[in-house]
>>> print(open('coords_37.tsv').read())   # TSV, C-alpha atoms
chain	number	residue	atom	x	y	z
A	1	MET	CA	196.01	86.86	57.32
A	2	ALA	CA	195.47	90.27	55.87
A	3	VAL	CA	195.80	93.06	58.41
A	4	CYS	CA	195.39	96.03	56.16
A	5	VAL	CA	193.99	96.94	52.76
A	6	ALA	CA	194.43	100.28	51.03
A	7	VAL	CA	193.18	101.99	47.89
A	8	ILE	CA	195.47	104.76	46.64
A	9	GLY	CA	194.40	107.24	43.98
A	10	LYS	CA	196.14	108.40	40.81
A	11	ASP	CA	197.92	111.22	42.63
A	12	ASN	CA	198.98	108.96	45.52
A	13	SER	CA	196.31	110.26	47.85
A	14	PRO	CA	194.74	107.61	50.07
A	15	LEU	CA	191.16	106.84	49.02
A	16	TYR	CA	190.58	104.14	51.56
A	17	ILE	CA	192.68	102.50	54.27
A	18	GLY	CA	191.04	99.74	56.23
A	19	GLY	CA	192.36	97.22	58.68
A	20	ILE	CA	191.31	94.74	61.25
A	21	GLY	CA	192.68	95.38	64.65
A	22	ASN	CA	194.83	92.51	65.70
A	23	ASP	CA	197.96	94.52	65.20
A	24	PRO	CA	200.06	94.49	68.39
A	25	ASN	CA	201.06	98.11	67.95
A	26	ALA	CA	199.08	100.59	69.98
A	27	ASP	CA	198.81	103.11	67.18
A	28	ASN	CA	197.04	101.02	64.58
A	29	GLU	CA	195.88	103.69	62.23
A	30	LEU	CA	199.29	105.35	62.02
A	31	SER	CA	201.19	102.13	61.53
A	32	ARG	CA	198.86	101.16	58.72
A	33	GLN	CA	199.38	104.46	56.98
A	34	TRP	CA	203.11	104.05	57.36
A	35	LEU	CA	203.13	100.52	55.96
A	36	VAL	CA	201.09	101.54	52.95
A	37	HIS	CA	203.11	104.68	52.42
A	38	THR	CA	206.38	102.77	52.23
A	39	ALA	CA	204.87	100.54	49.57
A	40	LEU	CA	204.30	103.40	47.14
A	41	ASP	CA	207.94	103.79	46.12
A	42	ALA	CA	208.21	100.07	45.48
A	43	LEU	CA	205.07	100.28	43.33
A	44	GLU	CA	206.47	103.13	41.23
A	45	GLU	CA	209.64	101.18	40.71
A	46	ARG	CA	207.78	98.12	39.51
A	47	LEU	CA	205.71	100.20	37.13
A	48	SER	CA	208.72	101.86	35.54
A	49	THR	CA	210.37	98.49	34.92
A	50	THR	CA	207.13	97.33	33.34
A	51	ASN	CA	207.23	100.18	30.88
A	52	ASN	CA	210.62	99.32	29.42
A	53	SER	CA	209.94	95.64	29.67
A	54	ASN	CA	211.75	94.67	26.51
A	55	THR	CA	215.20	95.58	27.75
A	56	ASN	CA	215.18	93.75	31.03
A	57	SER	CA	212.61	91.06	30.49
A	58	SER	CA	215.32	88.42	30.64
A	59	THR	CA	216.30	89.50	34.13
A	60	ASN	CA	212.72	89.47	35.28
A	61	THR	CA	211.87	85.94	34.36
A	62	ALA	CA	210.25	85.43	37.74
A	63	ARG	CA	207.29	87.49	36.65
A	64	ALA	CA	205.77	85.69	33.72
A	65	ASP	CA	203.51	88.42	32.46
A	66	LEU	CA	204.87	91.93	32.74
A	67	ARG	CA	201.57	93.43	31.74
A	68	ASP	CA	199.73	91.73	34.56
A	69	LEU	CA	197.84	94.12	36.82
A	70	TYR	CA	198.93	92.14	39.86
A	71	LEU	CA	202.49	93.09	40.79
A	72	GLY	CA	203.09	90.45	43.42
A	73	LEU	CA	205.06	90.79	46.64
A	74	LEU	CA	206.52	94.28	46.81
A	75	TYR	CA	208.68	93.67	49.86
A	76	SER	CA	208.55	92.16	53.29
A	77	THR	CA	209.58	93.37	56.71
A	78	ASP	CA	210.07	91.31	59.85
A	79	THR	CA	206.41	91.46	60.69
A	80	HIS	CA	204.56	92.17	57.46
A	81	LYS	CA	204.41	91.31	53.80
A	82	ILE	CA	203.18	93.89	51.33
A	83	TYR	CA	201.52	93.05	48.02
A	84	GLY	CA	200.61	95.46	45.24
A	85	TYR	CA	198.17	95.74	42.35
A	86	VAL	CA	197.83	98.66	39.94
A	87	THR	CA	194.76	99.00	37.72
A	88	ASN	CA	194.73	100.34	34.18
A	89	THR	CA	193.39	103.58	35.58
A	90	ARG	CA	196.48	103.91	37.86
A	91	ILE	CA	194.59	103.18	41.03
A	92	LYS	CA	196.92	101.37	43.42
A	93	LEU	CA	195.64	98.59	45.62
A	94	VAL	CA	197.86	97.50	48.50
A	95	LEU	CA	197.36	94.48	50.71
A	96	VAL	CA	199.39	93.93	53.88
A	97	THR	CA	199.60	90.55	55.55
A	98	SER	CA	201.08	89.74	58.90
A	99	SER	CA	203.85	87.19	58.86
A	100	THR	CA	203.82	86.65	62.60
A	101	SER	CA	200.27	85.53	63.26
A	102	PRO	CA	199.33	81.84	62.90
A	103	GLY	CA	198.30	80.70	59.46
A	104	SER	CA	200.60	83.20	57.85
A	105	ASN	CA	201.61	81.00	54.95
A	106	ILE	CA	199.62	82.66	52.23
A	107	ARG	CA	200.03	81.55	48.68
A	108	ASP	CA	200.55	84.06	45.93
A	109	ALA	CA	197.42	82.89	44.11
A	110	GLU	CA	195.27	83.66	47.14
A	111	VAL	CA	196.55	87.21	47.34
A	112	ARG	CA	195.97	87.64	43.62
A	113	THR	CA	192.36	86.49	43.99
A	114	ALA	CA	191.82	88.77	46.96
A	115	LEU	CA	193.19	91.80	45.12
A	116	ARG	CA	191.11	91.02	42.04
A	117	ARG	CA	188.04	90.88	44.21
A	118	LEU	CA	189.04	94.15	45.83
A	119	HIS	CA	189.32	95.68	42.37
A	120	ALA	CA	185.82	94.48	41.58
A	121	LEU	CA	184.54	96.01	44.81
A	122	TYR	CA	186.28	99.27	43.99
A	123	ALA	CA	184.77	99.34	40.49
A	124	ASP	CA	181.34	98.96	42.09
A	125	ALA	CA	182.08	101.59	44.72
A	126	ILE	CA	182.93	104.32	42.23
A	127	CYS	CA	179.70	103.68	40.36
A	128	ASN	CA	177.93	104.84	43.50
A	129	PRO	CA	176.32	108.14	42.47
A	130	PHE	CA	177.19	109.67	45.86
A	131	HIS	CA	180.88	109.13	45.30
A	132	LEU	CA	182.88	111.85	43.56
A	133	PRO	CA	185.96	110.65	41.65
A	134	GLY	CA	189.11	111.44	43.61
A	135	ASP	CA	187.34	111.63	46.97
A	136	GLN	CA	187.79	109.23	49.83
A	137	ILE	CA	185.50	106.24	49.78
A	138	THR	CA	183.08	106.65	52.65
A	139	SER	CA	180.58	103.97	51.66
A	140	LEU	CA	179.80	101.71	54.61
A	141	LYS	CA	178.86	98.91	52.25
A	142	PHE	CA	182.29	99.00	50.65
A	143	ASP	CA	183.92	99.05	54.08
A	144	LYS	CA	181.93	96.03	55.20
A	145	GLN	CA	182.66	94.08	52.04
A	146	VAL	CA	186.38	94.79	52.27
A	147	LYS	CA	186.49	93.75	55.91
A	148	SER	CA	184.78	90.44	55.11
A	149	LEU	CA	187.19	89.95	52.20
A	150	MET	CA	190.10	90.37	54.59
A	151	LEU	CA	188.65	87.95	57.11
A	152	ASN	CA	187.54	85.22	54.76
A	153	ASN	CA	189.85	85.06	51.85
A	154	VAL	CA	193.32	85.67	53.07
B	1	MET	CA	165.44	94.45	20.59
B	2	ALA	CA	163.44	96.09	23.30
B	3	ASP	CA	166.16	96.21	25.93
B	4	ASP	CA	168.53	98.01	23.59
B	5	ILE	CA	166.03	100.63	22.62
B	6	VAL	CA	165.60	101.75	26.24
B	7	PHE	CA	169.07	103.27	26.23
B	8	ASP	CA	168.41	105.00	22.90
B	9	LEU	CA	165.17	106.48	24.18
B	10	LEU	CA	166.71	107.63	27.45
B	11	HIS	CA	169.53	109.24	25.49
B	12	SER	CA	167.21	111.18	23.22
B	13	GLU	CA	165.06	112.25	26.17
B	14	ILE	CA	168.13	113.52	28.04
B	15	ILE	CA	168.96	115.65	25.01
B	16	ASN	CA	165.42	116.97	24.80
B	17	TYR	CA	165.49	117.74	28.51
B	18	ALA	CA	168.85	119.51	28.31
B	19	LEU	CA	167.65	121.59	25.37
B	20	GLU	CA	164.49	122.49	27.22
B	21	GLN	CA	166.51	123.59	30.26
B	22	THR	CA	168.78	125.86	28.25
B	23	LYS	CA	165.81	127.29	26.41
B	24	THR	CA	164.17	128.36	29.66
B	25	THR	CA	167.33	129.76	31.21
B	26	ASN	CA	168.75	131.56	28.19
B	27	GLY	CA	165.64	132.33	26.30
B	28	SER	CA	167.74	132.28	23.18
B	29	LYS	CA	167.93	129.91	20.26
B	30	GLU	CA	171.47	128.98	21.05
B	31	VAL	CA	171.92	125.31	21.80
B	32	ASP	CA	173.99	124.42	24.83
B	33	LEU	CA	175.15	120.82	24.78
B	34	SER	CA	177.75	121.05	27.52
B	35	VAL	CA	175.39	119.43	30.02
B	36	VAL	CA	174.96	116.40	27.78
B	37	GLU	CA	178.69	116.29	27.18
B	38	TYR	CA	179.32	116.34	30.92
B	39	ILE	CA	176.86	113.51	31.53
B	40	GLY	CA	178.82	111.52	28.99
B	41	PHE	CA	182.09	112.43	30.67
B	42	ALA	CA	180.96	111.22	34.08
B	43	ALA	CA	179.56	107.99	32.65
B	44	GLY	CA	182.69	107.32	30.61
B	45	TYR	CA	184.92	107.95	33.60
B	46	LYS	CA	183.05	105.50	35.76
B	47	ILE	CA	182.49	102.76	33.23
B	48	MET	CA	186.19	102.61	32.36
B	49	GLU	CA	187.15	101.11	35.71
B	50	ARG	CA	184.76	98.25	35.03
B	51	LEU	CA	185.69	97.61	31.42
B	52	THR	CA	189.44	97.53	31.92
B	53	ARG	CA	189.25	95.17	34.88
B	54	GLU	CA	190.05	92.04	32.95
B	55	TRP	CA	192.55	93.70	30.64
B	56	PRO	CA	196.32	93.49	30.83
B	57	ARG	CA	198.09	96.82	31.26
B	58	PHE	CA	198.01	98.96	28.11
B	59	LYS	CA	201.35	99.23	26.32
B	60	ASP	CA	200.92	102.72	24.93
B	61	GLU	CA	198.43	105.27	23.71
B	62	LEU	CA	197.67	103.43	20.47
B	63	ASP	CA	196.93	100.28	22.42
B	64	THR	CA	194.45	102.28	24.49
B	65	MET	CA	192.79	103.67	21.36
B	66	LYS	CA	192.41	100.17	19.95
B	67	PHE	CA	190.66	99.22	23.17
B	68	ILE	CA	188.28	102.18	22.72
B	69	CYS	CA	187.56	101.08	19.15
B	70	THR	CA	186.86	97.47	19.97
B	71	ASP	CA	185.73	96.58	23.47
B	72	PHE	CA	184.56	99.98	24.67
B	73	TRP	CA	182.55	100.55	21.50
B	74	THR	CA	181.10	97.05	21.48
B	75	CYS	CA	179.96	97.45	25.06
B	76	ILE	CA	178.05	100.65	24.35
B	77	TYR	CA	177.13	100.54	20.67
B	78	LYS	CA	177.08	96.77	19.99
B	79	LYS	CA	179.55	97.11	17.15
B	80	GLN	CA	183.17	98.01	16.56
B	81	ILE	CA	184.58	101.20	15.09
B	82	ASP	CA	184.92	100.74	11.31
B	83	ASN	CA	188.06	102.75	10.81
B	84	LEU	CA	190.83	104.14	13.01
B	85	ARG	CA	193.40	106.59	11.66
B	86	THR	CA	196.20	108.38	13.43
B	87	ASN	CA	199.04	110.72	12.57
B	88	HIS	CA	201.11	109.22	15.44
B	89	GLN	CA	201.32	112.70	16.97
B	90	GLY	CA	198.29	112.62	19.17
B	91	VAL	CA	195.45	112.90	16.68
B	92	TYR	CA	193.14	109.94	16.23
B	93	VAL	CA	190.13	109.73	13.95
B	94	LEU	CA	187.52	107.08	14.69
B	95	GLN	CA	184.95	106.43	12.00
B	96	ASP	CA	181.69	104.64	12.63
B	97	ASN	CA	179.71	103.96	9.43
B	98	ALA	CA	176.47	103.19	11.21
B	99	PHE	CA	176.43	105.20	14.40
B	100	ARG	CA	173.78	103.86	16.73
B	101	PHE	CA	172.16	107.16	17.70
B	102	LEU	CA	171.85	108.28	14.09
B	103	THR	CA	170.74	105.10	12.32
B	104	ASN	CA	167.29	105.33	13.85
B	105	PHE	CA	166.17	108.50	12.19
B	106	SER	CA	168.13	109.36	9.11
B	107	ASN	CA	169.82	107.90	6.11
B	108	GLY	CA	171.25	110.84	4.24
B	109	HIS	CA	171.03	114.55	4.74
B	110	GLN	CA	167.63	114.94	6.36
B	111	TYR	CA	167.90	116.39	9.92
B	112	LEU	CA	171.63	116.94	9.36
B	113	GLU	CA	171.49	120.23	11.26
B	114	TYR	CA	170.34	118.39	14.40
B	115	ALA	CA	173.06	115.75	14.26
B	116	PRO	CA	175.45	117.53	16.68
B	117	ARG	CA	172.93	116.98	19.48
B	118	TYR	CA	173.18	113.24	19.11
B	119	VAL	CA	176.96	112.99	19.15
B	120	ALA	CA	177.68	115.25	22.16
B	121	TYR	CA	177.07	112.49	24.69
B	122	THR	CA	179.46	110.16	22.90
B	123	CYS	CA	182.16	112.84	22.71
B	124	GLY	CA	181.92	113.17	26.48
B	125	LEU	CA	181.93	109.42	26.92
B	126	ILE	CA	185.20	109.04	25.03
B	127	ARG	CA	186.78	112.02	26.79
B	128	GLY	CA	185.77	110.69	30.21
B	129	GLY	CA	187.01	107.20	29.48
B	130	LEU	CA	190.38	108.48	28.32
B	131	ALA	CA	190.61	110.87	31.26
B	132	ASN	CA	190.35	107.96	33.66
B	133	LEU	CA	193.14	106.22	31.76
B	134	CYS	CA	195.27	109.35	32.35
B	135	ILE	CA	194.99	110.65	28.79
B	136	ASN	CA	193.72	114.22	28.58
B	137	SER	CA	192.05	114.92	25.29
B	138	ILE	CA	189.64	117.05	23.33
B	139	VAL	CA	187.03	115.10	21.41
B	140	THR	CA	185.04	116.57	18.56
B	141	ALA	CA	182.66	114.93	16.13
B	142	GLU	CA	181.97	115.40	12.47
B	143	VAL	CA	178.87	114.24	10.62
B	144	GLN	CA	178.85	114.64	6.87
B	145	SER	CA	176.32	112.10	5.78
B	146	MET	CA	174.22	110.17	8.24
B	147	PRO	CA	174.37	107.61	9.71
B	148	SER	CA	178.15	107.68	9.49
B	149	CYS	CA	180.08	109.73	11.98
B	150	LYS	CA	183.72	110.63	12.67
B	151	PHE	CA	185.20	111.34	16.09
B	152	HIS	CA	188.42	113.34	16.27
B	153	ILE	CA	190.49	112.83	19.39
B	154	HIS	CA	193.23	115.37	20.08
B	155	VAL	CA	195.44	114.19	22.89
B	156	GLN	CA	196.69	117.04	25.05
B	157	ARG	CA	200.31	116.65	26.00
B	158	THR	CA	201.73	118.80	28.74
>>> encode(input="coords_37.tsv", output="structure tokens")
Amino acid sequence: MAVCVAVIGKDNSPLYIGGIGNDPNADNELSRQWLVHTALDALEERLSTTNNSNTNSSTNTARADLRDLYLGLLYSTDTHKIYGYVTNTRIKLVLVTSSTSPGSNIRDAEVRTALRRLHALYADAICNPFHLPGDQITSLKFDKQVKSLMLNNV
Amino acid sequence: MADDIVFDLLHSEIINYALEQTKTTNGSKEVDLSVVEYIGFAAGYKIMERLTREWPRFKDELDTMKFICTDFWTCIYKKQIDNLRTNHQGVYVLQDNAFRFLTNFSNGHQYLEYAPRYVAYTCGLIRGGLANLCINSIVTAEVQSMPSCKFHIHVQRT
């Protein structure tokens, strides 16, 4: 199941990092930040290969559509798997799942759906007149919706 | 249709309101449309996240401009841009032969001097939309004979 979800802005500043606390580590907030932070380099790498897609498209046959917003599994550690999604507006969405907890066999399609729904929630959240572009998302409604997304979907 | 006209009316009232505000603060005859332009910018910035949700990643700048001409324009003005020209060096000219905010009140040269008021919002809208897609630009408009209108987009490269 998903343990952490993050929204990262254009300039790599965190707009929202949320998680549900079944992480065994004592320092939950820090470990989440660290997990998400390590994903950013992998995201940049994927994006740059997308840009010169013509040259190495043959080597990347695993990814059918190089222009897809969903970038798939970025990398996995012993305990976590990290998935990425970058919108057209260069907002980065990161989803971290735990590979140790029961029911950890998550299909790629499920993660894709979850991230698409997160994108929809984000698009709604920035239309909130009390939100300034580039600021952290403080909306409680958004927080609640993301938490339920993490619990239900993945 | 009635539901479409609501947006047109709100738009023209915003312009009237902005003009009234500047008249009371400045006391001069000078027209300040930067407020209207900024309203457009904020709206364009926010709406872009929604509109590009179902779209694959844009290949390049021209691909983005085509999106502006087709889907973006259809969403707001219920029609597509009639003509897109570019010099491939960062200048794009979008021509709309029946611009929604102008068709209502003129068909020729009458009120031509007031036309800039009714294109400021759209200039901001385009600029805001592009800004969210990480393209910094300057957008100006040109009205020669109503209701047709040209938007010039100068992409700022740093």
>>> interface_residues(input="coords_37.tsv", of="chain A", to="chain B", cutoff="7 Å", atoms="only C-alpha atoms", output="PyMOL selection string")
chain A and resi 67-69+88-89+123+126-127
>>> residues_around(input="coords_37.tsv", residues="A:Leu73", least_positions_apart="2", cutoff="9 Å", atoms="all atoms listed in the file", output="list in words")
Leu71, Tyr75, Ser76, Lys81, Ile82, Tyr83, Gly84 and Asp108 of chain A
>>> residues_around(input="coords_37.tsv", residues="B:Ile68", least_positions_apart="4", cutoff="10 Å", atoms="only C-alpha atoms", output="count of residues only")
14
>>> atom_distance(input="coords_37.tsv", atom1="atom CA of B:Ile15", atom2="atom CA of B:Arg117")
6.9 Å
>>> atom_distance(input="coords_37.tsv", atom1="atom CA of B:Asp3", atom2="atom CA of B:Leu19")
25.4 Å
>>> atom_distance(input="coords_37.tsv", atom1="atom CA of B:Asp82", atom2="atom CA of B:Ile39")
25.2 Å
>>> residues_near_point(input="coords_37.tsv", point="(198.8, 117.1, 25.0)", cutoff="8 Å", atoms="only C-alpha atoms", output="short mmCIF file (atom, residue, chain, number, x, y, z; two decimals) with C-alpha atoms, keeping the file's coordinate frame")
data_model
loop_
_atom_site.label_atom_id
_atom_site.label_comp_id
_atom_site.auth_asym_id
_atom_site.auth_seq_id
_atom_site.Cartn_x
_atom_site.Cartn_y
_atom_site.Cartn_z
CA GLY B 90 198.29 112.62 19.17
CA ASN B 136 193.72 114.22 28.58
CA SER B 137 192.05 114.92 25.29
CA HIS B 154 193.23 115.37 20.08
CA VAL B 155 195.44 114.19 22.89
CA GLN B 156 196.69 117.04 25.05
CA ARG B 157 200.31 116.65 26.00
CA THR B 158 201.73 118.80 28.74
#
>>> residues_around(input="coords_37.tsv", residues="A:Leu74", least_positions_apart="5", cutoff="12 Å", atoms="only C-alpha atoms", output="VMD selection string")
chain A and resid 35 to 36 38 to 47 80 to 86 93 to 97 108
>>> residues_around(input="coords_37.tsv", residues="stretch 9-22 of chain A", least_positions_apart="5", cutoff="6 Å", atoms="all atoms listed in the file", output="list in words")
Val3, Cys4, Arg90, Ile91, Gln136 and Ile137 of chain A
>>> closest_residue(input="coords_37.tsv", among="A:Ala6, A:Ser48, A:Thr113, A:Leu132", to="A:Glu29", atoms="only C-alpha atoms")
A:Ala6
>>> closest_residue(input="coords_37.tsv", among="B:Val31, B:Val6, B:Ala98, B:Ile153", to="B:Gly128", atoms="all atoms listed in the file")
B:Ile153
>>> axis_aligned_box(input="coords_37.tsv", around="stretch 88-93 of chain B", padding_each_side="3 Å", output="lines of an AutoDock Vina configuration file")
center_x = 195.7
center_y = 111.1
center_z = 16.6
size_x = 17.2
size_y = 9.7
size_z = 11.2
>>> residues_around(input="coords_37.tsv", residues="B:Leu10", least_positions_apart="6", cutoff="12 Å", atoms="only C-alpha atoms", output="NGL selection string")
:B and (3-4 or 16-17 or 101 or 118 or 121)
>>> closest_residue(input="coords_37.tsv", among="B:Ser34, B:Ser12, B:Thr70, B:Gln95", to="B:Cys149", atoms="all atoms listed in the file")
B:Gln95
